[in-house]
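**Student:** Encoded as structure tokens, here's the structure I'll be asking about.
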Amino acid sequence: MTESQNPNDPLEELRYEVFGFISRPVADVYQAVADPEQLSEYFTTGGAQGRLETGATVTWDFADFPGAFPVEVVQAERDRLISIRWANAPGSVADDAGTLVEFTFTPVDGGARTKVTVTESAWLPTPAGAQAAFGNCMGWTGMLAALKVWLEHGIVLRDEFYR
């Protein structure tokens, strides 16, 4: 909820934000998300195809949800923002456009570390929408943890985690 919203107004959509700090410069962290080879190492356990660049449609595959997911890259601004859309569970979002996911990359500590924020929105305020949103919230939190240990220690956190 924003400061301008009245807490008694009806809820029109569900959205959440998760964040984490990575002890690497923003250029390294952005590249680890945008580059399909790196993303395949620590996050997309079934592989990623295509670089996250504005206007691209790429695919992500996960061992825990087999089958490649199409991911539309709405906007990519090097070292600052990646915005994607992807489909979600039937009945959890208002239309076929899916949810909007935004990754923001903010340098901190004089550029030595990066704050990565992931925001996902467009979920319906229904039981199906809440269940799907909570599942994805868990997924993005796991992605941030996996990104951190991959970049800082070279560890693949998700290896065999979901199977």
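In the structure tokens, the first chain shown is A, the next is B, and so on; residue numbers restart at 1 for each chain, and ligands run from 1 in the order shown.
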Excluding Thr106 of chain A and residues on its chain fewer than 2 positions from it, collect all residues at most 10 Å away from it, counting only C-alpha atoms, and give them as an mmCIF file with N, CA and C atoms, in the first residue's frame.

**Tutor:**
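The new file result38.cif reads:
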```cif
data_model
loop_
_atom_site.group_PDB
_atom_site.id
_atom_site.type_symbol
_atom_site.label_atom_id
_atom_site.label_comp_id
_atom_site.auth_asym_id
_atom_site.auth_seq_id
_atom_site.Cartn_x
_atom_site.Cartn_y
_atom_site.Cartn_z
ATOM 1 N N PHE A 21 20.951 -7.986 -0.431
ATOM 2 C CA PHE A 21 22.195 -7.286 -0.734
ATOM 3 C C PHE A 21 23.240 -8.299 -1.177
ATOM 4 N N PRO A 25 29.745 -5.552 -7.293
ATOM 5 C CA PRO A 25 29.318 -4.320 -7.969
ATOM 6 C C PRO A 25 28.071 -4.560 -8.821
ATOM 7 N N VAL A 26 27.301 -3.498 -9.035
ATOM 8 C CA VAL A 26 26.029 -3.592 -9.741
ATOM 9 C C VAL A 26 26.190 -4.208 -11.137
ATOM 10 N N VAL A 29 26.199 -7.982 -10.832
ATOM 11 C CA VAL A 29 24.910 -8.519 -10.403
ATOM 12 C C VAL A 29 23.898 -8.440 -11.544
ATOM 13 N N TYR A 30 23.850 -7.308 -12.228
ATOM 14 C CA TYR A 30 22.949 -7.160 -13.370
ATOM 15 C C TYR A 30 23.250 -8.238 -14.420
ATOM 16 N N ASP A 79 22.426 -2.223 -15.757
ATOM 17 C CA ASP A 79 22.868 -1.908 -14.392
ATOM 18 C C ASP A 79 21.833 -1.174 -13.543
ATOM 19 N N ARG A 80 20.554 -1.102 -14.026
ATOM 20 C CA ARG A 80 19.538 -0.396 -13.263
ATOM 21 C C ARG A 80 18.239 -1.165 -13.105
ATOM 22 N N LEU A 81 17.705 -1.737 -14.202
ATOM 23 C CA LEU A 81 16.357 -2.302 -14.169
ATOM 24 C C LEU A 81 16.183 -3.397 -15.213
ATOM 25 N N PHE A 103 13.038 -6.113 -11.520
ATOM 26 C CA PHE A 103 14.293 -6.243 -10.780
ATOM 27 C C PHE A 103 14.956 -4.876 -10.827
ATOM 28 N N THR A 104 15.219 -4.285 -9.666
ATOM 29 C CA THR A 104 15.969 -3.037 -9.635
ATOM 30 C C THR A 104 17.307 -3.296 -8.946
ATOM 31 N N VAL A 108 25.289 0.230 -3.509
ATOM 32 C CA VAL A 108 25.385 0.691 -2.124
ATOM 33 C C VAL A 108 26.838 0.551 -1.664
ATOM 34 N N GLY A 111 29.447 1.437 -4.116
ATOM 35 C CA GLY A 111 29.486 0.560 -5.286
ATOM 36 C C GLY A 111 30.044 -0.828 -5.013
ATOM 37 N N ARG A 113 28.713 -3.061 -3.047
ATOM 38 C CA ARG A 113 27.597 -4.007 -2.942
ATOM 39 C C ARG A 113 26.432 -3.485 -3.766
ATOM 40 N N THR A 114 25.471 -4.399 -3.999
ATOM 41 C CA THR A 114 24.289 -4.061 -4.775
ATOM 42 C C THR A 114 23.046 -4.522 -4.029
ATOM 43 N N LYS A 115 22.072 -3.625 -3.926
ATOM 44 C CA LYS A 115 20.760 -4.009 -3.414
ATOM 45 C C LYS A 115 19.922 -4.417 -4.622
ATOM 46 N N VAL A 116 19.393 -5.642 -4.584
ATOM 47 C CA VAL A 116 18.519 -6.137 -5.642
ATOM 48 C C VAL A 116 17.113 -6.230 -5.056
ATOM 49 N N THR A 117 16.176 -5.546 -5.697
ATOM 50 C CA THR A 117 14.782 -5.569 -5.276
ATOM 51 C C THR A 117 13.962 -6.219 -6.380
#
```

**Student:** I need the residues of segment 28-153 of chain A that end up classed as strand (DSSP E or B) by DSSP on the backbone, written out as a ChimeraX atom specification.

**Tutor:** /A:47-49,57-62,65-77,81-86,93,99-108,113-123

**Student:** Would you work out the distance separating atom CA of Glu53 of chain A from atom CA of Gly20 of chain A, expressed in Å to one decimal?

**Tutor:** 22.7 Å

**Student:** Can you tell me how far atom CA of Trp123 of chain A sits from atom CA of Gly135 of chain A, in Å to one decimal?

**Tutor:** 11.8 Å

**Student:** So which one's closest to Glu41 of chain A, A:Pro66, A:Gly98, A:Gly55, A:Gly154? Using only C-alpha atoms, please.

**Tutor:**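 So, comparing all the options, the nearest one is A:Gly154.
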
**Student:** Pick out the closest residue to Ala48 of chain A from this set: A:Leu157, A:Gln31, A:Arg85, A:Pro36. Count only C-alpha atoms.

**Tutor:**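 Of all the options, A:Pro36 lies closest to Ala48 of chain A.
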
**Student:** Report the residues of chain A whose backbone DSSP state falls under alpha helix (DSSP H), written as a VMD selection string.

**Tutor:** chain A and resid 26 to 34 36 to 42 127 to 153

**Student:** Would you mind exporting the chosen residues as a JSON list (two decimals), in the first residue's frame, restricted to C-alpha atoms?

**Tutor:**
```json
[["chain", "number", "residue", "atom", "x", "y", "z"],
["A", 26, "VAL", "CA", 26.03, -3.59, -9.74],
["A", 27, "ALA", "CA", 27.45, -4.46, -13.21],
["A", 28, "ASP", "CA", 28.30, -8.00, -12.04],
["A", 29, "VAL", "CA", 24.91, -8.52, -10.40],
["A", 30, "TYR", "CA", 22.95, -7.16, -13.37],
["A", 31, "GLN", "CA", 24.92, -9.42, -15.73],
["A", 32, "ALA", "CA", 24.21, -12.48, -13.56],
["A", 33, "VAL", "CA", 20.46, -11.88, -13.99],
["A", 34, "ALA", "CA", 20.48, -10.80, -17.67],
["A", 36, "PRO", "CA", 21.13, -16.84, -19.66],
["A", 37, "GLU", "CA", 24.30, -18.86, -19.01],
["A", 38, "GLN", "CA", 24.71, -17.46, -15.51],
["A", 39, "LEU", "CA", 20.96, -17.56, -14.77],
["A", 40, "SER", "CA", 21.00, -21.26, -15.75],
["A", 41, "GLU", "CA", 23.78, -21.93, -13.26],
["A", 42, "TYR", "CA", 22.06, -20.66, -10.11],
["A", 127, "PRO", "CA", -7.62, -17.20, -3.00],
["A", 128, "ALA", "CA", -6.07, -18.38, -6.31],
["A", 129, "GLY", "CA", -4.24, -15.07, -6.72],
["A", 130, "ALA", "CA", -2.93, -15.14, -3.16],
["A", 131, "GLN", "CA", -1.76, -18.76, -3.42],
["A", 132, "ALA", "CA", 0.10, -18.07, -6.68],
["A", 133, "ALA", "CA", 1.57, -14.81, -5.36],
["A", 134, "PHE", "CA", 2.83, -16.47, -2.16],
["A", 135, "GLY", "CA", 4.44, -19.25, -4.21],
["A", 136, "ASN", "CA", 6.21, -16.78, -6.48],
["A", 137, "CYS", "CA", 7.26, -14.68, -3.49],
["A", 138, "MET", "CA", 8.98, -17.78, -2.12],
["A", 139, "GLY", "CA", 10.56, -18.35, -5.53],
["A", 140, "TRP", "CA", 11.98, -14.85, -5.88],
["A", 141, "THR", "CA", 13.32, -14.93, -2.32],
["A", 142, "GLY", "CA", 15.04, -18.21, -3.18],
["A", 143, "MET", "CA", 16.38, -16.67, -6.39],
["A", 144, "LEU", "CA", 17.94, -13.79, -4.47],
["A", 145, "ALA", "CA", 19.58, -16.18, -1.99],
["A", 146, "ALA", "CA", 20.85, -18.34, -4.87],
["A", 147, "LEU", "CA", 22.16, -15.25, -6.68],
["A", 148, "LYS", "CA", 24.04, -14.15, -3.56],
["A", 149, "VAL", "CA", 25.82, -17.45, -2.91],
["A", 150, "TRP", "CA", 26.52, -17.92, -6.64],
["A", 151, "LEU", "CA", 28.20, -14.53, -7.05],
["A", 152, "GLU", "CA", 29.91, -14.38, -3.66],
["A", 153, "HIS", "CA", 30.98, -18.02, -3.24]]
```

**Student:** Which residue out of A:Thr54, A:Thr119, A:Ser23, A:Thr126 has the minimum interatomic distance to Val93 of chain A when only C-alpha atoms are used?

**Tutor:**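 Ranking A:Thr54, A:Thr119, A:Ser23, A:Thr126 by distance to Val93 of chain A, first place goes to A:Thr126.
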
**Student:** So which residues touch Thr59 of chain A within 10 Å, counting only C-alpha atoms, skipping near sequence neighbours fewer than 4 positions away, as a PyMOL selection string?

**Tutor:** chain A and resi 36+44+47-52+67-72+86

**Student:** Selection from above, N, CA and C atoms, as a PDB file, in the first residue's frame, can you write it?

**Tutor:**
```
ATOM      1  N   PRO A  36      21.765 -15.530 -19.838  1.00  0.00           N
ATOM      2  CA  PRO A  36      21.133 -16.839 -19.663  1.00  0.00           C
ATOM      3  C   PRO A  36      22.084 -17.921 -19.158  1.00  0.00           C
ATOM      4  N   THR A  44      17.502 -20.985 -12.948  1.00  0.00           N
ATOM      5  CA  THR A  44      16.613 -21.769 -13.814  1.00  0.00           C
ATOM      6  C   THR A  44      17.175 -23.176 -13.944  1.00  0.00           C
ATOM      7  N   GLY A  47      17.340 -24.552 -17.214  1.00  0.00           N
ATOM      8  CA  GLY A  47      18.012 -23.729 -18.207  1.00  0.00           C
ATOM      9  C   GLY A  47      17.237 -22.504 -18.637  1.00  0.00           C
ATOM     10  N   ALA A  48      17.981 -21.508 -19.087  1.00  0.00           N
ATOM     11  CA  ALA A  48      17.430 -20.270 -19.630  1.00  0.00           C
ATOM     12  C   ALA A  48      17.934 -20.115 -21.053  1.00  0.00           C
ATOM     13  N   GLN A  49      17.067 -19.635 -21.921  1.00  0.00           N
ATOM     14  CA  GLN A  49      17.427 -19.395 -23.319  1.00  0.00           C
ATOM     15  C   GLN A  49      17.131 -17.937 -23.648  1.00  0.00           C
ATOM     16  N   GLY A  50      18.120 -17.182 -24.052  1.00  0.00           N
ATOM     17  CA  GLY A  50      17.936 -15.799 -24.461  1.00  0.00           C
ATOM     18  C   GLY A  50      18.325 -14.808 -23.385  1.00  0.00           C
ATOM     19  N   ARG A  51      19.001 -13.753 -23.818  1.00  0.00           N
ATOM     20  CA  ARG A  51      19.422 -12.684 -22.912  1.00  0.00           C
ATOM     21  C   ARG A  51      18.246 -11.760 -22.611  1.00  0.00           C
ATOM     22  N   LEU A  52      18.166 -11.251 -21.386  1.00  0.00           N
ATOM     23  CA  LEU A  52      17.107 -10.332 -20.987  1.00  0.00           C
ATOM     24  C   LEU A  52      17.415  -8.945 -21.525  1.00  0.00           C
ATOM     25  N   GLY A  67       8.925 -27.746 -18.106  1.00  0.00           N
ATOM     26  CA  GLY A  67       8.362 -27.094 -19.282  1.00  0.00           C
ATOM     27  C   GLY A  67       8.854 -25.665 -19.334  1.00  0.00           C
ATOM     28  N   ALA A  68       9.325 -25.247 -20.487  1.00  0.00           N
ATOM     29  CA  ALA A  68       9.879 -23.906 -20.633  1.00  0.00           C
ATOM     30  C   ALA A  68       8.771 -22.853 -20.560  1.00  0.00           C
ATOM     31  N   PHE A  69       9.000 -21.822 -19.752  1.00  0.00           N
ATOM     32  CA  PHE A  69       8.072 -20.699 -19.605  1.00  0.00           C
ATOM     33  C   PHE A  69       8.530 -19.570 -20.516  1.00  0.00           C
ATOM     34  N   PRO A  70       7.642 -19.012 -21.348  1.00  0.00           N
ATOM     35  CA  PRO A  70       8.031 -17.812 -22.090  1.00  0.00           C
ATOM     36  C   PRO A  70       8.044 -16.605 -21.152  1.00  0.00           C
ATOM     37  N   VAL A  71       9.064 -15.797 -21.293  1.00  0.00           N
ATOM     38  CA  VAL A  71       9.244 -14.595 -20.488  1.00  0.00           C
ATOM     39  C   VAL A  71       9.445 -13.419 -21.437  1.00  0.00           C
ATOM     40  N   GLU A  72       8.556 -12.431 -21.372  1.00  0.00           N
ATOM     41  CA  GLU A  72       8.649 -11.239 -22.219  1.00  0.00           C
ATOM     42  C   GLU A  72       9.424 -10.164 -21.465  1.00  0.00           C
ATOM     43  N   TRP A  86       5.280 -12.509 -17.343  1.00  0.00           N
ATOM     44  CA  TRP A  86       5.147 -13.927 -17.616  1.00  0.00           C
ATOM     45  C   TRP A  86       3.803 -14.415 -17.114  1.00  0.00           C
TER      46      TRP A  86
END
```

**Student:** Between atom CA of Gly46 of chain A and atom CA of Pro90 of chain A, what is the distance in Å, rounded to a tenth?

**Tutor:**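 So the answer is 22.6 Å.
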
**Student:** As a PyMOL selection string, please: the residues near Ala94 of chain A (cut-off 12 Å, only C-alpha atoms, same-chain neighbours under 2 positions excluded).

**Tutor:** chain A and resi 12-14+87-92+96-100+121-126+128-129
